[in-house]
file target-v8.cif (mmCIF, C-alpha atoms)
data_upload
loop_
_atom_site.label_atom_id
_atom_site.label_comp_id
_atom_site.auth_asym_id
_atom_site.auth_seq_id
_atom_site.Cartn_x
_atom_site.Cartn_y
_atom_site.Cartn_z
CA MET A 1493 -64.23 -29.20 76.14
CA ILE A 1494 -66.66 -30.33 73.42
CA LEU A 1495 -70.23 -30.52 74.64
CA ALA A 1496 -71.76 -32.13 71.56
CA HIS A 1497 -75.30 -33.47 71.59
CA PRO A 1498 -76.25 -34.88 68.15
CA ALA A 1499 -80.00 -34.51 68.69
CA PHE A 1500 -79.52 -30.85 69.55
CA LEU A 1501 -78.02 -30.14 66.14
CA ARG A 1502 -80.23 -32.44 64.09
CA ASP A 1503 -82.34 -29.71 62.50
CA VAL A 1504 -79.51 -27.23 61.85
CA LYS A 1505 -79.48 -26.26 58.18
CA GLY A 1506 -77.51 -23.03 58.23
CA LEU A 1507 -74.05 -22.16 59.53
CA LEU A 1508 -73.25 -18.52 60.16
CA PHE A 1509 -69.64 -17.68 60.91
CA ASP A 1510 -67.91 -14.75 62.50
CA LYS A 1511 -64.75 -13.93 60.53
CA ASP A 1512 -61.85 -12.89 62.74
CA GLY A 1513 -61.00 -15.46 65.40
CA THR A 1514 -63.37 -17.97 63.80
CA LEU A 1515 -62.59 -18.46 60.12
CA PHE A 1516 -59.17 -16.90 60.74
CA ASP A 1517 -56.87 -17.26 63.74
CA PHE A 1518 -57.11 -13.87 65.44
CA GLN A 1519 -53.65 -13.41 66.90
CA ALA A 1520 -51.83 -14.90 63.93
CA SER A 1521 -53.74 -12.68 61.51
CA TRP A 1522 -54.12 -9.36 63.29
CA ALA A 1523 -50.97 -8.95 65.36
CA GLY A 1524 -49.00 -8.25 62.18
CA TRP A 1525 -51.61 -5.72 61.06
CA ALA A 1526 -51.40 -3.94 64.40
CA ARG A 1527 -47.62 -3.73 64.21
CA GLN A 1528 -47.76 -2.34 60.67
CA VAL A 1529 -50.42 0.22 61.54
CA LEU A 1530 -48.51 1.41 64.60
CA ALA A 1531 -45.27 1.66 62.64
CA GLU A 1532 -46.89 3.69 59.86
CA ILE A 1533 -48.85 6.02 62.10
CA CYS A 1534 -46.17 6.61 64.71
CA ALA A 1535 -43.17 6.91 62.39
CA GLY A 1536 -40.70 6.21 65.17
CA ASP A 1537 -42.47 8.17 67.93
CA PRO A 1538 -42.31 5.72 70.88
CA GLY A 1539 -44.61 7.80 73.07
CA LEU A 1540 -47.38 7.86 70.47
CA GLU A 1541 -46.91 4.16 69.78
CA ALA A 1542 -47.27 3.38 73.48
CA ARG A 1543 -50.48 5.43 73.71
CA LEU A 1544 -52.05 3.84 70.65
CA ALA A 1545 -51.03 0.34 71.74
CA GLN A 1546 -52.59 0.98 75.15
CA ALA A 1547 -55.80 2.21 73.53
CA MET A 1548 -55.96 -0.96 71.42
CA ARG A 1549 -54.85 -3.12 74.36
CA PHE A 1550 -52.09 -4.50 72.18
CA ASP A 1551 -48.89 -5.90 73.70
CA SER A 1552 -46.33 -4.62 71.19
CA LEU A 1553 -43.43 -6.47 72.77
CA ASN A 1554 -45.06 -9.87 72.41
CA ALA A 1555 -47.24 -8.99 69.40
CA ARG A 1556 -50.44 -10.12 71.12
CA PHE A 1557 -53.81 -8.52 71.68
CA LEU A 1558 -54.79 -8.63 75.32
CA PRO A 1559 -58.04 -10.42 76.20
CA ASP A 1560 -59.83 -7.15 76.98
CA SER A 1561 -58.86 -5.47 73.70
CA PRO A 1562 -61.78 -3.56 72.17
CA VAL A 1563 -60.33 -4.36 68.75
CA ILE A 1564 -61.30 -8.03 69.07
CA ALA A 1565 -65.04 -7.56 68.57
CA GLY A 1566 -65.16 -3.89 67.61
CA THR A 1567 -66.25 -2.43 64.30
CA GLY A 1568 -63.89 -0.53 62.05
CA ASP A 1569 -65.56 2.73 63.01
CA GLU A 1570 -65.22 1.92 66.71
CA ILE A 1571 -61.49 1.26 66.29
CA ALA A 1572 -61.10 4.60 64.50
CA ASP A 1573 -63.00 6.33 67.31
CA LEU A 1574 -60.65 4.63 69.78
CA LEU A 1575 -57.51 5.97 68.10
CA ALA A 1576 -58.74 9.36 66.92
CA PRO A 1577 -58.27 11.21 70.26
CA HIS A 1578 -54.56 10.41 70.03
CA LEU A 1579 -54.38 11.61 66.42
CA PRO A 1580 -56.07 15.04 66.47
CA HIS A 1581 -54.30 16.23 63.33
CA TRP A 1582 -55.14 13.26 61.10
CA PRO A 1583 -56.08 14.71 57.68
CA GLY A 1584 -59.82 14.39 57.18
CA GLY A 1585 -60.51 13.47 60.78
CA THR A 1586 -62.01 10.28 62.17
CA ALA A 1587 -63.87 9.28 59.00
CA ALA A 1588 -60.66 9.44 56.97
CA LEU A 1589 -58.82 7.50 59.67
CA ALA A 1590 -61.49 4.77 59.51
CA GLY A 1591 -61.05 4.55 55.75
CA TRP A 1592 -57.28 4.31 56.08
CA LEU A 1593 -57.54 1.59 58.72
CA GLY A 1594 -59.99 -0.30 56.52
CA GLU A 1595 -57.60 -0.19 53.58
CA ARG A 1596 -54.80 -1.56 55.74
CA ALA A 1597 -57.14 -4.23 57.11
CA ALA A 1598 -58.11 -5.37 53.61
CA GLN A 1599 -54.41 -5.88 52.85
CA ALA A 1600 -53.66 -7.81 56.04
CA PRO A 1601 -52.53 -11.40 55.38
CA MET A 1602 -55.08 -13.67 57.02
CA VAL A 1603 -54.14 -17.00 58.60
CA PRO A 1604 -57.02 -19.50 58.33
CA ALA A 1605 -57.95 -21.31 61.53
CA VAL A 1606 -58.16 -24.48 59.40
CA PRO A 1607 -57.97 -24.99 55.61
CA LEU A 1608 -61.14 -23.14 54.63
CA SER A 1609 -61.99 -24.19 51.09
CA PRO A 1610 -62.10 -27.95 51.78
CA LEU A 1611 -64.15 -27.48 54.94
CA LEU A 1612 -66.62 -25.02 53.46
CA SER A 1613 -66.98 -27.07 50.30
CA ARG A 1614 -67.76 -30.14 52.36
CA LEU A 1615 -70.35 -28.31 54.44
CA GLY A 1616 -71.96 -26.75 51.39
CA SER A 1617 -72.06 -30.07 49.56
CA ALA A 1618 -73.84 -31.56 52.58
CA GLY A 1619 -76.62 -29.03 52.07
CA PHE A 1620 -75.80 -26.43 54.70
CA ARG A 1621 -76.37 -22.76 53.85
CA LEU A 1622 -73.28 -20.76 54.74
CA GLY A 1623 -72.84 -17.15 55.78
CA VAL A 1624 -70.51 -14.65 57.43
CA ALA A 1625 -71.54 -12.00 59.95
CA THR A 1626 -68.59 -9.85 60.96
CA ASN A 1627 -68.13 -6.55 62.74
CA ASP A 1628 -65.46 -5.73 60.15
CA TYR A 1629 -66.41 -3.80 57.03
CA GLU A 1630 -68.14 -5.92 54.40
CA TYR A 1631 -65.62 -5.02 51.68
CA VAL A 1632 -62.77 -6.11 53.95
CA ALA A 1633 -64.50 -9.42 54.62
CA ARG A 1634 -65.00 -10.00 50.90
CA GLU A 1635 -61.35 -9.27 50.24
CA HIS A 1636 -60.21 -11.67 52.96
CA LEU A 1637 -62.54 -14.39 51.67
CA ILE A 1638 -62.01 -13.83 47.97
CA ALA A 1639 -60.82 -17.41 47.42
CA GLU A 1640 -63.92 -18.85 49.15
CA ILE A 1641 -66.49 -16.20 48.34
CA ALA A 1642 -68.50 -18.39 45.95
CA LEU A 1643 -69.08 -20.88 48.78
CA PHE A 1644 -71.08 -18.40 50.87
CA ASP A 1645 -74.75 -17.54 50.50
CA PHE A 1646 -74.41 -14.38 52.60
CA ILE A 1647 -71.66 -12.01 53.73
CA ALA A 1648 -72.42 -8.98 55.90
CA GLY A 1649 -70.36 -6.51 57.87
CA ALA A 1650 -71.18 -3.87 60.42
CA ASP A 1651 -71.64 -1.40 57.54
CA SER A 1652 -74.07 -3.56 55.53
CA GLY A 1653 -77.20 -2.01 56.97
CA HIS A 1654 -78.12 -4.66 59.54
CA GLY A 1655 -76.29 -3.25 62.55
CA ALA A 1656 -73.36 -4.75 64.44
CA LYS A 1657 -73.03 -7.61 66.92
CA PRO A 1658 -74.05 -8.18 69.70
CA GLU A 1659 -77.29 -6.95 68.08
CA PRO A 1660 -78.89 -9.72 66.02
CA GLY A 1661 -79.61 -7.81 62.80
CA MET A 1662 -77.00 -9.47 60.59
CA LEU A 1663 -77.97 -12.89 61.87
CA LEU A 1664 -81.65 -12.40 61.23
CA ALA A 1665 -80.83 -11.08 57.75
CA PHE A 1666 -79.00 -14.34 57.01
CA ALA A 1667 -81.99 -16.37 58.17
CA ALA A 1668 -84.35 -14.27 56.06
CA GLN A 1669 -82.17 -14.47 52.96
CA THR A 1670 -81.80 -18.24 53.19
CA GLY A 1671 -85.40 -18.89 54.19
CA LEU A 1672 -84.38 -20.59 57.43
CA ALA A 1673 -85.93 -20.21 60.86
CA PRO A 1674 -83.43 -18.82 63.38
CA ARG A 1675 -83.55 -22.10 65.34
CA GLN A 1676 -82.23 -23.85 62.20
CA VAL A 1677 -79.06 -21.74 62.22
CA LEU A 1678 -75.88 -22.33 64.21
CA MET A 1679 -73.98 -19.12 64.96
CA VAL A 1680 -70.26 -19.87 65.18
CA GLY A 1681 -67.97 -17.34 66.86
CA ASP A 1682 -65.05 -16.68 69.15
CA SER A 1683 -66.35 -13.77 71.24
CA GLN A 1684 -69.15 -12.93 73.60
CA HIS A 1685 -70.46 -10.50 70.97
CA ASP A 1686 -70.96 -13.40 68.53
CA LEU A 1687 -72.66 -15.63 71.04
CA LEU A 1688 -74.88 -12.92 72.50
CA ALA A 1689 -75.98 -11.99 68.99
CA GLY A 1690 -76.78 -15.63 68.31
CA ARG A 1691 -78.87 -15.95 71.43
CA ALA A 1692 -80.67 -12.67 70.72
CA ALA A 1693 -81.53 -14.00 67.25
CA GLY A 1694 -82.87 -17.28 68.65
CA MET A 1695 -80.07 -19.35 67.10
CA ARG A 1696 -77.91 -22.18 68.40
CA THR A 1697 -74.42 -21.02 69.35
CA LEU A 1698 -71.01 -22.64 68.97
CA ALA A 1699 -67.90 -21.09 70.52
CA VAL A 1700 -64.47 -21.74 69.04
CA LEU A 1701 -61.13 -21.06 70.69
CA THR A 1702 -59.16 -19.60 67.78
CA GLY A 1703 -59.76 -16.09 69.03
CA VAL A 1704 -58.48 -14.52 72.24
CA ALA A 1705 -61.18 -15.62 74.71
CA GLY A 1706 -60.94 -18.93 76.52
CA ALA A 1707 -63.56 -21.59 77.11
CA GLU A 1708 -64.31 -20.38 80.64
CA GLU A 1709 -65.25 -16.95 79.27
CA LEU A 1710 -67.35 -18.23 76.37
CA SER A 1711 -69.06 -21.32 77.74
CA PRO A 1712 -71.78 -19.43 79.67
CA TYR A 1713 -73.02 -18.03 76.34
CA ALA A 1714 -72.47 -21.07 74.11
CA ASP A 1715 -74.46 -24.22 73.54
CA LEU A 1716 -71.28 -25.94 72.35
CA VAL A 1717 -67.56 -25.22 72.73
CA CYS A 1718 -64.85 -26.72 70.55
CA PRO A 1719 -61.25 -25.89 69.61
CA ASP A 1720 -61.91 -24.74 66.04
CA ILE A 1721 -64.31 -24.92 63.11
CA GLY A 1722 -62.61 -28.06 61.84
CA HIS A 1723 -64.76 -29.98 64.33
CA LEU A 1724 -67.99 -28.99 62.58
CA PRO A 1725 -68.35 -32.04 60.31
CA GLY A 1726 -68.13 -34.34 63.32
CA LEU A 1727 -70.50 -32.24 65.39
CA LEU A 1728 -73.00 -32.21 62.55
CA GLY A 1729 -72.79 -35.94 62.00
CA LEU A 1730 -71.21 -35.86 58.55
CA PRO A 1731 -69.48 -39.05 57.39
CA GLN A 1732 -65.75 -39.17 58.02
CA ASP A 1733 -63.50 -38.61 55.00
#
call {"tool": "encode", "arguments": {"input": "target-v8.cif", "output": "structure tokens"}}
result
Amino acid sequence: MILAHPAFLRDVKGLLFDKDGTLFDFQASWAGWARQVLAEICAGDPGLEARLAQAMRFDSLNARFLPDSPVIAGTGDEIADLLAPHLPHWPGGTAALAGWLGERAAQAPMVPAVPLSPLLSRLGSAGFRLGVATNDYEYVAREHLIAEIALFDFIAGADSGHGAKPEPGMLLAFAAQTGLAPRQVLMVGDSQHDLLAGRAAGMRTLAVLTGVAGAEELSPYADLVCPDIGHLPGLLGLPQD
């Protein structure tokens, strides 16, 4: 359900996006990555695969992350910490495992929630400052957004020095870098972490449904709920194409 109120968004000048589940469809993008990672790590060991899939809350049979998966909003380091107890002999330990997972993540083929370049170009041309605040690693985000990177004023990950969501550090860094007051920024995300971070930063919050969580889970934390980021031009009152 879209709960748009034009007056509520009238003074928004900055749009800060989560990455996975917001700019990119979460299940379509990350289910393939999970299958590849499990296949490489487990090398045909069904018991180990079952344990790792359970830790990630990943339904291997249907190639879907379950709604309570810690992978959905977790940082790369948190995912490594999640898997490390099942991989005690990984060369180099948890830090090396995190690096390996990050490399595989950077190579994962992302599926945009909507065509990104036309949308972001339109928003930027309308004068909005654009940013990304993700719990992924910053270098992974930059790799995934390489085709659109020039359209963003700000890209930060959980390793960029501002902390991770649901803490508001990345969000406040975007506001500071762009010279905007937090109330002039709309935080757009698909998880409670995104929306809680937005509220903690004093920003408006928009939930989208291209992640794993449904509207009933997100609406208590969101000022607006819509199906995907393609609705932004209409919500912001931009002229129709």
call {"tool": "residues_around", "arguments": {"input": "target-v8.cif", "residues": "A:Leu1728", "least_positions_apart": "2", "cutoff": "9 Å", "atoms": "only C-alpha atoms", "output": "PyMOL selection string"}}
result
chain A and resi 1498+1501-1502+1504+1723-1726+1730
call {"tool": "residues_around", "arguments": {"input": "target-v8.cif", "residues": "stretch 1517-1520 of chain A", "least_positions_apart": "5", "cutoff": "7 Å", "atoms": "all atoms listed in the file", "output": "list in words"}}
result
Asp1512, Arg1556, Phe1557, Val1603, Pro1604, Ala1605, Thr1702, Gly1703 and Val1704 of chain A
call {"tool": "closest_atom_pairs", "arguments": {"input": "target-v8.cif", "of": "stretch 1493-1571 of chain A", "to": "stretch 1616-1623 of chain A", "cutoff": "7 Å", "atoms": "all atoms listed in the file", "output": "CSV"}}
result
residue,atom,partner,partner_atom,distance
A:Lys1505,CA,A:Phe1620,CA,5.1
A:Gly1506,CA,A:Arg1621,CA,4.5
A:Leu1507,CA,A:Leu1622,CA,5.0
A:Leu1508,CA,A:Gly1623,CA,4.6
A:Phe1509,CA,A:Gly1623,CA,6.1
call {"tool": "residues_around", "arguments": {"input": "target-v8.cif", "residues": "A:Ile1533", "least_positions_apart": "4", "cutoff": "10 Å", "atoms": "only C-alpha atoms", "output": "MDAnalysis selection string"}}
result
chainID A and resid 1528:1529 1537 1540:1541 1544 1579 1582
call {"tool": "write_last_selection", "arguments": {"input": "target-v8.cif", "atoms": "C-alpha atoms", "output": "PDB file, in the frame of the given file"}}
result
ATOM      1  CA  GLN A1528     -47.760  -2.340  60.670  1.00  0.00           C
ATOM      2  CA  VAL A1529     -50.420   0.220  61.540  1.00  0.00           C
ATOM      3  CA  ASP A1537     -42.470   8.170  67.930  1.00  0.00           C
ATOM      4  CA  LEU A1540     -47.380   7.860  70.470  1.00  0.00           C
ATOM      5  CA  GLU A1541     -46.910   4.160  69.780  1.00  0.00           C
ATOM      6  CA  LEU A1544     -52.050   3.840  70.650  1.00  0.00           C
ATOM      7  CA  LEU A1579     -54.380  11.610  66.420  1.00  0.00           C
ATOM      8  CA  TRP A1582     -55.140  13.260  61.100  1.00  0.00           C
TER       9      TRP A1582
END
call {"tool": "resolve_selection", "arguments": {"input": "target-v8.cif", "expression": "the PyMOL selection byres ((chain A and resi 1705) around 9)", "output": "list in words"}}
result
Pro1559, Asp1560, Asp1682, Ser1683, Gln1684, Val1700, Leu1701, Thr1702, Gly1703, Val1704, Gly1706, Ala1707, Glu1708, Glu1709 and Leu1710 of chain A
call {"tool": "resolve_selection", "arguments": {"input": "target-v8.cif", "expression": "the PyMOL selection byres ((chain A and resi 1668) around 12)", "output": "VMD selection string"}}
result
chain A and resid 1506 1621 1623 1645 to 1646 1654 1661 to 1667 1669 to 1674 1676 to 1677 1693
call {"tool": "atom_distance", "arguments": {"input": "target-v8.cif", "atom1": "atom CA of A:Gln1546", "atom2": "atom CA of A:Pro1583"}}
result
22.5 Å
call {"tool": "closest_residue", "arguments": {"input": "target-v8.cif", "among": "A:Gly1536, A:Leu1637, A:Phe1500, A:Gln1599", "to": "A:Leu1698", "atoms": "only C-alpha atoms"}}
result
A:Phe1500
call {"tool": "axis_aligned_box", "arguments": {"input": "target-v8.cif", "around": "stretch 1499-1504 of chain A", "padding_each_side": "6 Å", "output": "lines of an AutoDock Vina configuration file"}}
result
center_x = -80.2
center_y = -30.9
center_z = 65.7
size_x = 16.3
size_y = 19.3
size_z = 19.7
call {"tool": "closest_residue", "arguments": {"input": "target-v8.cif", "among": "A:Glu1659, A:Glu1635, A:Asp1720, A:Asp1551", "to": "A:Ala1692", "atoms": "only C-alpha atoms"}}
result
A:Glu1659
call {"tool": "resolve_selection", "arguments": {"input": "target-v8.cif", "expression": "the PyMOL selection byres ((chain A and resi 1624-1633) around 7)", "output": "list in words"}}
result
Leu1508, Phe1509, Asp1510, Lys1511, Ala1565, Gly1566, Thr1567, Gly1568, Gly1594, Ala1597, Ala1598, Gly1623, Arg1634, Glu1635, His1636, Leu1637, Phe1646, Ile1647, Ala1648, Gly1649, Ala1650, Asp1651, Ser1652, Ala1656, Lys1657, Met1662 and Leu1663 of chain A
call {"tool": "atom_distance", "arguments": {"input": "target-v8.cif", "atom1": "atom CA of A:Ile1638", "atom2": "atom CA of A:Trp1525"}}
result
18.6 Å
call {"tool": "atom_distance", "arguments": {"input": "target-v8.cif", "atom1": "atom CA of A:Arg1675", "atom2": "atom CA of A:Gly1694"}}
result
5.9 Å
call {"tool": "closest_residue", "arguments": {"input": "target-v8.cif", "among": "A:Ala1545, A:Ala1600, A:Val1606, A:Leu1593", "to": "A:Gly1524", "atoms": "only C-alpha atoms"}}
result
A:Ala1600
call {"tool": "closest_residue", "arguments": {"input": "target-v8.cif", "among": "A:Glu1532, A:Gly1681, A:Pro1731, A:Pro1660", "to": "A:Arg1596", "atoms": "all atoms listed in the file"}}
result
A:Glu1532
call {"tool": "closest_residue", "arguments": {"input": "target-v8.cif", "among": "A:Ala1499, A:Ala1542, A:Ala1526, A:Ala1576", "to": "A:Ile1564", "atoms": "all atoms listed in the file"}}
result
A:Ala1526
